[in-house]
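File shown here: structure_26.cif, holding mmCIF, C-alpha atoms.
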data_model
#
loop_
_atom_site.group_PDB
_atom_site.id
_atom_site.type_symbol
_atom_site.label_atom_id
_atom_site.label_comp_id
_atom_site.auth_asym_id
_atom_site.auth_seq_id
_atom_site.Cartn_x
_atom_site.Cartn_y
_atom_site.Cartn_z
ATOM 1 C CA MET L 1 -121.488 13.924 -77.249
ATOM 2 C CA SER L 2 -119.164 16.284 -75.312
ATOM 3 C CA ASP L 3 -118.405 19.821 -76.518
ATOM 4 C CA LYS L 4 -114.806 18.829 -77.314
ATOM 5 C CA ALA L 5 -115.981 15.866 -79.356
ATOM 6 C CA GLN L 6 -118.468 18.073 -81.236
ATOM 7 C CA ILE L 7 -115.786 20.639 -82.028
ATOM 8 C CA GLY L 8 -113.384 17.887 -83.107
ATOM 9 C CA LYS L 9 -115.901 16.328 -85.507
ATOM 10 C CA ALA L 10 -116.925 19.750 -86.868
ATOM 11 C CA ALA L 11 -113.233 20.536 -87.427
ATOM 12 C CA LEU L 12 -112.798 17.336 -89.438
ATOM 13 C CA TRP L 13 -115.805 18.151 -91.642
ATOM 14 C CA MET L 14 -114.559 21.726 -92.147
ATOM 15 C CA THR L 15 -111.103 20.422 -93.054
ATOM 16 C CA GLY L 16 -112.826 18.483 -95.817
ATOM 17 C CA ALA L 17 -114.692 21.615 -96.917
ATOM 18 C CA ILE L 18 -111.503 23.703 -96.974
ATOM 19 C CA ALA L 19 -109.676 21.035 -98.995
ATOM 20 C CA SER L 20 -112.616 20.823 -101.415
ATOM 21 C CA PHE L 21 -112.925 24.586 -101.976
ATOM 22 C CA SER L 22 -109.162 24.938 -102.399
ATOM 23 C CA SER L 23 -109.051 22.015 -104.841
ATOM 24 C CA MET L 24 -111.880 23.528 -106.865
ATOM 25 C CA ALA L 25 -110.050 26.868 -107.089
ATOM 26 C CA VAL L 26 -106.826 25.228 -108.284
ATOM 27 C CA ALA L 27 -108.723 23.043 -110.762
ATOM 28 C CA GLY L 28 -110.567 26.122 -112.066
ATOM 29 C CA ARG L 29 -107.260 27.945 -112.573
ATOM 30 C CA GLU L 30 -105.782 24.971 -114.462
ATOM 31 C CA LEU L 31 -108.895 24.500 -116.618
ATOM 32 C CA SER L 32 -109.019 28.165 -117.633
ATOM 33 C CA VAL L 33 -106.085 27.558 -119.973
ATOM 34 C CA THR L 34 -108.206 25.223 -122.131
ATOM 35 C CA HIS L 35 -111.884 25.735 -121.276
ATOM 36 C CA ASP L 36 -114.001 28.852 -120.843
ATOM 37 C CA THR L 37 -116.148 29.181 -117.715
ATOM 38 C CA PHE L 38 -119.309 27.997 -119.500
ATOM 39 C CA GLU L 39 -117.624 24.776 -120.585
ATOM 40 C CA ILE L 40 -116.320 24.224 -117.053
ATOM 41 C CA MET L 41 -119.850 24.655 -115.682
ATOM 42 C CA PHE L 42 -121.318 22.288 -118.295
ATOM 43 C CA PHE L 43 -118.892 19.433 -117.640
ATOM 44 C CA ARG L 44 -118.994 20.034 -113.885
ATOM 45 C CA SER L 45 -122.783 19.722 -113.985
ATOM 46 C CA LEU L 46 -122.564 16.446 -115.937
ATOM 47 C CA VAL L 47 -120.433 15.043 -113.115
ATOM 48 C CA GLY L 48 -122.987 16.392 -110.643
ATOM 49 C CA ILE L 49 -125.898 14.735 -112.456
ATOM 50 C CA PHE L 50 -124.155 11.359 -112.259
ATOM 51 C CA VAL L 51 -123.389 11.754 -108.533
ATOM 52 C CA VAL L 52 -126.870 13.032 -107.582
ATOM 53 C CA ALA L 53 -128.627 10.359 -109.685
ATOM 54 C CA THR L 54 -126.481 7.657 -108.067
ATOM 55 C CA VAL L 55 -127.283 8.899 -104.553
ATOM 56 C CA LEU L 56 -131.020 9.182 -105.298
ATOM 57 C CA THR L 57 -131.011 5.651 -106.700
ATOM 58 C CA MET L 58 -129.071 4.147 -103.795
ATOM 59 C CA THR L 59 -131.240 5.885 -101.184
ATOM 60 C CA ARG L 60 -134.452 5.228 -103.159
ATOM 61 C CA LYS L 61 -135.508 8.868 -102.993
ATOM 62 C CA TRP L 62 -136.395 9.582 -106.620
ATOM 63 C CA HIS L 63 -139.963 10.220 -105.452
ATOM 64 C CA GLN L 64 -138.714 13.403 -103.789
ATOM 65 C CA VAL L 65 -137.845 14.920 -107.176
ATOM 66 C CA THR L 66 -140.903 16.908 -108.268
ATOM 67 C CA THR L 67 -141.673 19.786 -110.635
ATOM 68 C CA ARG L 68 -143.291 21.841 -107.885
ATOM 69 C CA LYS L 69 -142.049 25.458 -107.948
ATOM 70 C CA LEU L 70 -139.975 24.676 -111.034
ATOM 71 C CA GLY L 71 -139.836 28.393 -111.806
ATOM 72 C CA LEU L 72 -138.178 29.109 -108.450
ATOM 73 C CA HIS L 73 -135.691 26.313 -109.150
ATOM 74 C CA GLY L 74 -134.983 28.025 -112.471
ATOM 75 C CA VAL L 75 -134.403 31.440 -110.878
ATOM 76 C CA ARG L 76 -132.132 29.942 -108.221
ATOM 77 C CA ASN L 77 -130.049 28.077 -110.777
ATOM 78 C CA VAL L 78 -129.655 31.046 -113.123
ATOM 79 C CA LEU L 79 -128.395 33.067 -110.133
ATOM 80 C CA HIS L 80 -125.995 30.324 -109.039
ATOM 81 C CA PHE L 81 -124.846 29.668 -112.613
ATOM 82 C CA THR L 82 -124.020 33.374 -113.019
ATOM 83 C CA GLY L 83 -122.214 33.579 -109.683
ATOM 84 C CA GLN L 84 -120.207 30.428 -110.327
ATOM 85 C CA ASN L 85 -119.123 31.612 -113.773
ATOM 86 C CA LEU L 86 -117.977 34.924 -112.299
ATOM 87 C CA TRP L 87 -116.076 33.001 -109.602
ATOM 88 C CA PHE L 88 -114.331 30.723 -112.110
ATOM 89 C CA TYR L 89 -113.315 33.765 -114.155
ATOM 90 C CA ALA L 90 -111.955 35.488 -111.036
ATOM 91 C CA VAL L 91 -109.789 32.525 -109.967
ATOM 92 C CA SER L 92 -108.180 32.563 -113.408
ATOM 93 C CA VAL L 93 -107.084 36.216 -113.366
ATOM 94 C CA ILE L 94 -106.419 37.400 -109.774
ATOM 95 C CA PRO L 95 -104.653 35.869 -106.735
ATOM 96 C CA LEU L 96 -106.659 33.042 -105.206
ATOM 97 C CA ALA L 97 -106.544 34.604 -101.721
ATOM 98 C CA GLN L 98 -108.131 37.774 -103.100
ATOM 99 C CA VAL L 99 -110.984 35.761 -104.631
ATOM 100 C CA PHE L 100 -111.670 33.953 -101.357
ATOM 101 C CA ALA L 101 -111.502 37.189 -99.351
ATOM 102 C CA LEU L 102 -114.119 38.879 -101.544
ATOM 103 C CA GLU L 103 -116.225 35.707 -101.633
ATOM 104 C CA PHE L 104 -116.445 35.899 -97.833
ATOM 105 C CA THR L 105 -118.741 38.921 -98.244
ATOM 106 C CA GLN L 106 -121.626 36.637 -99.290
ATOM 107 C CA PRO L 107 -123.214 36.592 -95.784
ATOM 108 C CA ILE L 108 -123.027 40.390 -95.699
ATOM 109 C CA TRP L 109 -125.106 40.570 -98.876
ATOM 110 C CA VAL L 110 -127.554 38.049 -97.418
ATOM 111 C CA ILE L 111 -128.028 40.387 -94.437
ATOM 112 C CA LEU L 112 -128.770 43.357 -96.711
ATOM 113 C CA LEU L 113 -130.917 41.566 -99.295
ATOM 114 C CA SER L 114 -133.041 39.407 -96.974
ATOM 115 C CA PRO L 115 -135.212 42.331 -95.772
ATOM 116 C CA LEU L 116 -136.027 43.152 -99.408
ATOM 117 C CA LEU L 117 -136.625 39.597 -100.644
ATOM 118 C CA LEU L 118 -137.673 37.655 -97.537
ATOM 119 C CA LYS L 119 -139.160 40.537 -95.507
ATOM 120 C CA GLU L 120 -136.744 39.807 -92.662
ATOM 121 C CA ARG L 121 -136.015 42.540 -90.142
ATOM 122 C CA LEU L 122 -132.794 44.556 -90.583
ATOM 123 C CA THR L 123 -131.615 45.251 -87.055
ATOM 124 C CA ALA L 124 -129.010 47.796 -85.963
ATOM 125 C CA LEU L 125 -126.590 44.957 -85.175
ATOM 126 C CA LYS L 126 -127.027 43.411 -88.634
ATOM 127 C CA MET L 127 -126.423 46.820 -90.192
ATOM 128 C CA THR L 128 -123.273 47.197 -88.096
ATOM 129 C CA SER L 129 -122.098 43.768 -89.279
ATOM 130 C CA ALA L 130 -122.670 44.813 -92.893
ATOM 131 C CA LEU L 131 -120.755 48.076 -92.449
ATOM 132 C CA ILE L 132 -117.811 46.207 -90.918
ATOM 133 C CA GLY L 133 -117.917 43.807 -93.869
ATOM 134 C CA PHE L 134 -117.829 46.650 -96.383
ATOM 135 C CA ALA L 135 -114.912 48.206 -94.548
ATOM 136 C CA GLY L 136 -113.119 44.905 -95.128
ATOM 137 C CA ILE L 137 -113.948 45.047 -98.841
ATOM 138 C CA LEU L 138 -112.359 48.500 -99.082
ATOM 139 C CA ILE L 139 -109.236 47.210 -97.336
ATOM 140 C CA VAL L 140 -108.951 44.298 -99.785
ATOM 141 C CA ALA L 141 -109.695 46.396 -102.884
ATOM 142 C CA ARG L 142 -107.932 49.611 -101.745
ATOM 143 C CA PRO L 143 -109.597 51.793 -104.411
ATOM 144 C CA GLY L 144 -107.289 54.608 -105.440
ATOM 145 C CA ALA L 145 -104.195 52.890 -104.065
ATOM 146 C CA VAL L 146 -104.307 50.023 -106.590
ATOM 147 C CA PRO L 147 -106.252 49.636 -109.868
ATOM 148 C CA ILE L 148 -109.610 47.887 -109.569
ATOM 149 C CA SER L 149 -109.275 44.943 -111.954
ATOM 150 C CA ALA L 150 -111.991 43.006 -113.770
ATOM 151 C CA GLY L 151 -111.094 39.992 -111.631
ATOM 152 C CA MET L 152 -111.783 41.881 -108.398
ATOM 153 C CA ILE L 153 -115.106 43.146 -109.742
ATOM 154 C CA THR L 154 -116.219 39.683 -110.842
ATOM 155 C CA ALA L 155 -115.129 38.129 -107.521
ATOM 156 C CA ALA L 156 -117.155 40.725 -105.616
ATOM 157 C CA MET L 157 -120.146 40.271 -107.938
ATOM 158 C CA SER L 158 -120.000 36.480 -107.520
ATOM 159 C CA ALA L 159 -120.561 36.994 -103.783
ATOM 160 C CA ILE L 160 -123.739 38.969 -104.540
ATOM 161 C CA PHE L 161 -125.080 36.235 -106.812
ATOM 162 C CA PHE L 162 -124.160 33.563 -104.257
ATOM 163 C CA ALA L 163 -126.089 35.560 -101.642
ATOM 164 C CA LEU L 164 -129.143 35.692 -103.918
ATOM 165 C CA THR L 165 -128.736 31.934 -104.429
ATOM 166 C CA THR L 166 -128.712 31.417 -100.655
ATOM 167 C CA ILE L 167 -131.888 33.465 -100.252
ATOM 168 C CA SER L 168 -133.723 31.574 -103.004
ATOM 169 C CA THR L 169 -132.494 28.263 -101.571
ATOM 170 C CA LYS L 170 -133.953 29.272 -98.209
ATOM 171 C CA SER L 171 -137.327 29.676 -99.914
ATOM 172 C CA LEU L 172 -136.980 26.354 -101.749
ATOM 173 C CA THR L 173 -136.105 24.323 -98.638
ATOM 174 C CA ARG L 174 -139.585 25.029 -97.310
ATOM 175 C CA ILE L 175 -141.207 23.001 -100.094
ATOM 176 C CA ALA L 176 -138.453 20.803 -101.616
ATOM 177 C CA SER L 177 -136.006 18.187 -100.327
ATOM 178 C CA ILE L 178 -132.239 18.570 -100.638
ATOM 179 C CA GLY L 179 -132.244 15.761 -103.214
ATOM 180 C CA CYS L 180 -134.810 17.582 -105.341
ATOM 181 C CA ILE L 181 -132.897 20.863 -105.117
ATOM 182 C CA MET L 182 -129.598 19.182 -106.050
ATOM 183 C CA PHE L 183 -131.187 17.292 -108.956
ATOM 184 C CA TRP L 184 -132.583 20.429 -110.572
ATOM 185 C CA LEU L 185 -129.359 22.291 -109.752
ATOM 186 C CA THR L 186 -127.234 19.897 -111.776
ATOM 187 C CA VAL L 187 -129.729 19.334 -114.625
ATOM 188 C CA MET L 188 -130.608 23.001 -115.163
ATOM 189 C CA GLN L 189 -127.018 24.172 -114.922
ATOM 190 C CA ALA L 190 -125.898 21.511 -117.385
ATOM 191 C CA ALA L 191 -128.491 22.878 -119.834
ATOM 192 C CA LEU L 192 -127.427 26.480 -119.153
ATOM 193 C CA GLY L 193 -123.774 25.535 -119.561
ATOM 194 C CA LEU L 194 -124.402 23.728 -122.843
ATOM 195 C CA VAL L 195 -126.321 26.664 -124.335
ATOM 196 C CA ALA L 196 -123.837 29.298 -123.125
ATOM 197 C CA ALA L 197 -120.774 27.257 -124.149
ATOM 198 C CA GLY L 198 -122.221 26.707 -127.617
ATOM 199 C CA LEU L 199 -122.973 30.374 -128.343
ATOM 200 C CA ASP L 200 -119.632 30.791 -130.102
ATOM 201 C CA GLY L 201 -120.289 27.657 -132.173
ATOM 202 C CA GLN L 202 -117.485 25.705 -130.536
ATOM 203 C CA ILE L 203 -117.303 23.548 -127.404
ATOM 204 C CA THR L 204 -113.851 22.330 -126.410
ATOM 205 C CA LEU L 205 -114.096 18.697 -125.348
ATOM 206 C CA PRO L 206 -112.188 17.376 -122.327
ATOM 207 C CA THR L 207 -108.638 16.224 -122.964
ATOM 208 C CA ALA L 208 -106.465 13.767 -121.092
ATOM 209 C CA ARG L 209 -105.082 16.745 -119.159
ATOM 210 C CA THR L 210 -108.340 18.542 -118.373
ATOM 211 C CA ALA L 211 -110.633 15.545 -117.684
ATOM 212 C CA PRO L 212 -109.233 14.893 -114.163
ATOM 213 C CA PHE L 213 -109.597 18.593 -113.273
ATOM 214 C CA LEU L 214 -113.194 18.658 -114.559
ATOM 215 C CA LEU L 215 -113.956 15.587 -112.461
ATOM 216 C CA LEU L 216 -112.317 17.273 -109.463
ATOM 217 C CA VAL L 217 -114.373 20.449 -109.915
ATOM 218 C CA GLY L 218 -117.588 18.443 -110.098
ATOM 219 C CA LEU L 219 -116.857 16.318 -107.052
ATOM 220 C CA ALA L 220 -115.250 19.061 -104.934
ATOM 221 C CA GLY L 221 -118.219 21.414 -105.302
ATOM 222 C CA LEU L 222 -120.668 18.800 -104.023
ATOM 223 C CA LEU L 223 -118.323 17.542 -101.302
ATOM 224 C CA ALA L 224 -117.619 21.038 -99.937
ATOM 225 C CA HIS L 225 -121.286 21.791 -99.299
ATOM 226 C CA TYR L 226 -121.859 18.288 -97.914
ATOM 227 C CA CYS L 227 -119.027 18.804 -95.401
ATOM 228 C CA ILE L 228 -120.319 22.218 -94.310
ATOM 229 C CA THR L 229 -123.850 20.869 -93.886
ATOM 230 C CA ASN L 230 -122.558 18.063 -91.652
ATOM 231 C CA ALA L 231 -120.395 20.468 -89.635
ATOM 232 C CA LEU L 232 -123.393 22.728 -88.995
ATOM 233 C CA ALA L 233 -125.467 19.696 -87.985
ATOM 234 C CA ILE L 234 -122.879 18.801 -85.320
ATOM 235 C CA ALA L 235 -121.787 22.175 -83.949
ATOM 236 C CA PRO L 236 -123.208 25.731 -83.714
ATOM 237 C CA ALA L 237 -122.491 28.215 -86.486
ATOM 238 C CA THR L 238 -120.307 30.196 -84.038
ATOM 239 C CA VAL L 239 -117.963 27.188 -83.983
ATOM 240 C CA VAL L 240 -118.135 26.386 -87.707
ATOM 241 C CA VAL L 241 -117.612 29.933 -89.062
ATOM 242 C CA PRO L 242 -114.111 30.402 -87.552
ATOM 243 C CA PHE L 243 -113.037 27.098 -89.110
ATOM 244 C CA ASP L 244 -114.358 28.281 -92.485
ATOM 245 C CA PHE L 245 -112.140 31.359 -92.209
ATOM 246 C CA ALA L 246 -109.120 29.020 -92.325
ATOM 247 C CA ARG L 247 -109.845 28.769 -96.069
ATOM 248 C CA LEU L 248 -108.107 32.101 -96.623
ATOM 249 C CA PRO L 249 -104.623 31.408 -95.222
ATOM 250 C CA THR L 250 -104.843 27.917 -96.724
ATOM 251 C CA ILE L 251 -105.511 29.164 -100.255
ATOM 252 C CA ALA L 252 -102.936 31.955 -99.794
ATOM 253 C CA ILE L 253 -100.270 29.321 -99.094
ATOM 254 C CA VAL L 254 -101.517 27.161 -101.996
ATOM 255 C CA GLY L 255 -101.347 30.170 -104.331
ATOM 256 C CA MET L 256 -97.847 31.013 -103.147
ATOM 257 C CA ILE L 257 -96.562 27.436 -103.650
ATOM 258 C CA LEU L 258 -98.270 26.619 -106.971
ATOM 259 C CA TYR L 259 -98.449 30.017 -108.681
ATOM 260 C CA HIS L 260 -95.828 32.120 -106.850
ATOM 261 C CA GLU L 261 -98.513 34.554 -105.707
ATOM 262 C CA PRO L 262 -97.202 36.874 -102.973
ATOM 263 C CA ILE L 263 -99.117 36.821 -99.683
ATOM 264 C CA ASP L 264 -100.776 40.245 -99.563
ATOM 265 C CA HIS L 265 -101.121 41.420 -95.961
ATOM 266 C CA TRP L 266 -103.837 43.897 -96.974
ATOM 267 C CA THR L 267 -105.921 41.030 -98.354
ATOM 268 C CA LEU L 268 -105.472 39.003 -95.163
ATOM 269 C CA PHE L 269 -106.295 41.985 -92.938
ATOM 270 C CA GLY L 270 -109.314 42.960 -95.033
ATOM 271 C CA ALA L 271 -110.577 39.375 -94.944
ATOM 272 C CA PHE L 272 -110.201 39.363 -91.150
ATOM 273 C CA VAL L 273 -112.326 42.532 -90.942
ATOM 274 C CA ILE L 274 -114.965 40.938 -93.217
ATOM 275 C CA PHE L 275 -114.907 37.838 -91.032
ATOM 276 C CA SER L 276 -115.347 39.979 -87.896
ATOM 277 C CA GLY L 277 -118.546 41.474 -89.310
ATOM 278 C CA ILE L 278 -119.877 38.020 -90.245
ATOM 279 C CA PHE L 279 -118.962 36.510 -86.877
ATOM 280 C CA LEU L 280 -120.621 39.384 -85.002
ATOM 281 C CA ASN L 281 -123.890 38.653 -86.802
ATOM 282 C CA VAL L 282 -123.620 34.855 -86.400
ATOM 283 C CA HIS L 283 -122.778 35.171 -82.691
ATOM 284 C CA SER L 284 -125.705 37.524 -82.015
ATOM 285 C CA GLU L 285 -128.132 35.305 -83.947
ATOM 286 C CA ASN L 286 -126.924 32.294 -81.968
ATOM 287 C CA ARG L 287 -127.472 34.118 -78.658
ATOM 288 C CA ILE L 288 -130.981 35.173 -79.692
ATOM 289 C CA HIS L 289 -131.811 31.608 -80.753
ATOM 290 C CA SER L 290 -130.456 30.173 -77.476
ATOM 291 C CA ALA L 291 -132.426 32.715 -75.436
ATOM 292 C CA THR L 292 -135.606 31.872 -77.362
ATOM 293 C CA VAL L 293 -135.111 28.132 -76.793
ATOM 294 C CA ARG L 294 -134.540 28.681 -73.049
ATOM 295 C CA GLN L 295 -137.626 30.873 -72.798
ATOM 296 C CA ASP L 296 -139.756 28.262 -74.619
ATOM 297 C CA THR L 297 -138.406 25.541 -72.331
ATOM 298 C CA LEU L 298 -139.200 27.507 -69.156
ATOM 299 C CA SER L 299 -142.706 28.349 -70.360
ATOM 300 C CA LYS L 300 -143.589 24.660 -70.812
#
Any chance you could put this one into structure tokens?
Amino acid sequence: MSDKAQIGKAALWMTGAIASFSSMAVAGRELSVTHDTFEIMFFRSLVGIFVVATVLTMTRKWHQVTTRKLGLHGVRNVLHFTGQNLWFYAVSVIPLAQVFALEFTQPIWVILLSPLLLKERLTALKMTSALIGFAGILIVARPGAVPISAGMITAAMSAIFFALTTISTKSLTRIASIGCIMFWLTVMQAALGLVAAGLDGQITLPTARTAPFLLLVGLAGLLAHYCITNALAIAPATVVVPFDFARLPTIAIVGMILYHEPIDHWTLFGAFVIFSGIFLNVHSENRIHSATVRQDTLSK
């Protein structure tokens, strides 16, 4: 496959991912009027269980679902459940573009936390990437110039929990299949959502208005990650990451059209700075990987 064809196919997959993430944000905003974040997570997970069970049945891969490292599955899903709840709260109270901009800091947190949790080396270039990313956060948040709202705090915290989820997923992929990980993801988070939603003694059931949005949230979350995985399988991360950045202007336009949210140039600029830090790290990692592959090839 030619480079142009690879880029074209990766672009199509990333278009699907952008549409899925944007749809999930809009659905989360609409659902927040009726359902709390725990209820959204519970019903979303029920949709996920149905989809994952159907795929496992059709592909005859139920044998891949095991209880090995069930504790690690539990830790990963508590982290993801927390991050996703924070994210759903954020999309309900602050501009959607602001949520996406702060969510982009997830790779920065992965860089900083991996040396502590995975014993990976923190190089000077990775540290530089992280510092650039944090500069972008300050531009988006502008502490002192504008009040720091609860929505901004929860959006930023969701990125930290998503980073911890990524790190734990990296550990799980060494001993579990994607099907196994997705099965326990949906089942455990459905249980967590049910318990958390029922703490106040009341669970609001889906209505004719909210049921389609709950279905959309469940399907969009799975589809977004499926699209990104396929894009990364076709093209290098240095090609995929710039396409992912298109999420920000897309959701900014969606927020402006649907919710009359003004396009904040500080948010866009800050997100671009965050993206620059991420891209610097991805580009350097790609060059190191390519050099290693060439060296291995020449030594054979």
Using only C-alpha atoms, what table do you get, as a tab-separated table, when you list each residue of stretch 119-218 of chain L with an atom no more than 12 Å from stretch 222-240 of chain L, its nearest pair of atoms, and their distance in Å rounded to one decimal, rows by chain then rising number?
residue	atom	partner	partner_atom	distance
L:Ile178	CA	L:Tyr226	CA	10.7
L:Gly179	CA	L:Tyr226	CA	11.9
L:Met182	CA	L:Leu222	CA	9.2
L:Phe183	CA	L:Leu222	CA	11.7
L:Leu185	CA	L:Leu222	CA	11.0
L:Thr186	CA	L:Leu222	CA	10.2
L:Leu215	CA	L:Leu222	CA	11.3
L:Leu216	CA	L:Leu222	CA	10.1
L:Val217	CA	L:Leu222	CA	8.8
L:Gly218	CA	L:Leu222	CA	6.8
Could you write out as a ChimeraX atom specification the residues that the PyMOL selection byres ((chain L and resi 262) around 12) matches in the shown file?
/L:94-98,251-261,263-268
Hey, can you spit out that residue selection with C-alpha atoms as an mmCIF file, in the coordinates of the input?
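What landed in again.cif:
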data_model
loop_
_atom_site.group_PDB
_atom_site.id
_atom_site.type_symbol
_atom_site.label_atom_id
_atom_site.label_comp_id
_atom_site.auth_asym_id
_atom_site.auth_seq_id
_atom_site.Cartn_x
_atom_site.Cartn_y
_atom_site.Cartn_z
ATOM 1 C CA ILE L 94 -106.419 37.400 -109.774
ATOM 2 C CA PRO L 95 -104.653 35.869 -106.735
ATOM 3 C CA LEU L 96 -106.659 33.042 -105.206
ATOM 4 C CA ALA L 97 -106.544 34.604 -101.721
ATOM 5 C CA GLN L 98 -108.131 37.774 -103.100
ATOM 6 C CA ILE L 251 -105.511 29.164 -100.255
ATOM 7 C CA ALA L 252 -102.936 31.955 -99.794
ATOM 8 C CA ILE L 253 -100.270 29.321 -99.094
ATOM 9 C CA VAL L 254 -101.517 27.161 -101.996
ATOM 10 C CA GLY L 255 -101.347 30.170 -104.331
ATOM 11 C CA MET L 256 -97.847 31.013 -103.147
ATOM 12 C CA ILE L 257 -96.562 27.436 -103.650
ATOM 13 C CA LEU L 258 -98.270 26.619 -106.971
ATOM 14 C CA TYR L 259 -98.449 30.017 -108.681
ATOM 15 C CA HIS L 260 -95.828 32.120 -106.850
ATOM 16 C CA GLU L 261 -98.513 34.554 -105.707
ATOM 17 C CA ILE L 263 -99.117 36.821 -99.683
ATOM 18 C CA ASP L 264 -100.776 40.245 -99.563
ATOM 19 C CA HIS L 265 -101.121 41.420 -95.961
ATOM 20 C CA TRP L 266 -103.837 43.897 -96.974
ATOM 21 C CA THR L 267 -105.921 41.030 -98.354
ATOM 22 C CA LEU L 268 -105.472 39.003 -95.163
#
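Rounded to one decimal, atom CA of L:Val78 and atom CA of L:Met41 lie 12.0 Å from each other.
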Can you measure atom CA of L:Arg247 to atom CA of L:Leu46 for me? One decimal in Å is fine.
26.6 Å
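Atom CA of L:Arg68 to atom CA of L:Thr166 spans 18.9 Å [interatomic distance, one decimal].
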Can you tell me, as an mmCIF file with C-alpha atoms, keeping the file's coordinate frame, what residues are no more than 7 Å from stretch 23-29 of chain L when counting only C-alpha atoms, ignoring any on the same chain fewer than 5 positions away?
data_model
loop_
_atom_site.group_PDB
_atom_site.id
_atom_site.type_symbol
_atom_site.label_atom_id
_atom_site.label_comp_id
_atom_site.auth_asym_id
_atom_site.auth_seq_id
_atom_site.Cartn_x
_atom_site.Cartn_y
_atom_site.Cartn_z
ATOM 1 C CA PHE L 88 -114.331 30.723 -112.110
ATOM 2 C CA VAL L 91 -109.789 32.525 -109.967
ATOM 3 C CA SER L 92 -108.180 32.563 -113.408
ATOM 4 C CA PHE L 213 -109.597 18.593 -113.273
ATOM 5 C CA LEU L 216 -112.317 17.273 -109.463
ATOM 6 C CA VAL L 217 -114.373 20.449 -109.915
ATOM 7 C CA ALA L 220 -115.250 19.061 -104.934
ATOM 8 C CA GLY L 221 -118.219 21.414 -105.302
#
Contacts of L:Ala211 at 10 Å or less, counting only C-alpha atoms, minus same-chain residues fewer than 6 places along, as a CSV table (one decimal) with C-alpha atoms, in the coordinates of the input?
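Generated file (selection.csv):
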chain,number,residue,atom,x,y,z
L,31,LEU,CA,-108.9,24.5,-116.6
L,43,PHE,CA,-118.9,19.4,-117.6
L,205,LEU,CA,-114.1,18.7,-125.3
L,217,VAL,CA,-114.4,20.4,-109.9
Please, which residues are within 12 Å of (-132.0, 26.3, -104.6) by the file's coordinates, counting all atoms listed in the file, and could they come as a PyMOL selection string?
chain L and resi 69-81+162-186+188-189
When distances are computed from only C-alpha atoms, which of L:Gly193, L:Gly16, L:Gly277, L:Pro242 shows the smallest separation from L:Thr82?
L:Gly193
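Distance check against L:Glu285 using only C-alpha atoms: of L:Arg209, L:His35, L:Lys4, L:Lys126, the minimum falls on L:Lys126.
With distances restricted to all atoms listed in the file, L:Val93 is the closest residue to L:Glu30 from L:Ser276, L:Thr250, L:Val93, L:Leu138.
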Any chance you could resolve the PyMOL selection byres ((chain L and resi 143-160) around 6) against this file and give the residues as a ChimeraX atom specification?
/L:83,86-87,90,93-94,99,102-103,106,141-142,161-163
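Remark: for L:Ala11, the closest of the candidate residues L:Val282, L:Phe38, L:Ala246, L:Gly198 is L:Ala246 (distances computed over all atoms listed in the file).
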If we count all atoms listed in the file and set the cut-off at 8 Å, which residues sit around L:Ile137, ignoring sequence neighbours fewer than 6 positions away in its own chain? Please answer as a PyMOL selection string.
chain L and resi 102+105+270-271+274
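Closest to L:Ser32 among L:Leu214, L:Leu248, L:Leu113, L:Ala124 is L:Leu214, based on only C-alpha atoms.
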All file atoms of stretch 263-268 of chain L boxed axis-aligned, 6 Å per side, centre plus edges, as JSON:
{"center_x": -102.5, "center_y": 40.4, "center_z": -97.4, "size_x": 18.8, "size_y": 19.1, "size_z": 16.5}
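Of the listed residues L:Val140, L:Ala196, L:Val187, L:Val273, the one whose atoms come nearest to L:Arg44 is L:Val187, with distances taken using all atoms listed in the file.
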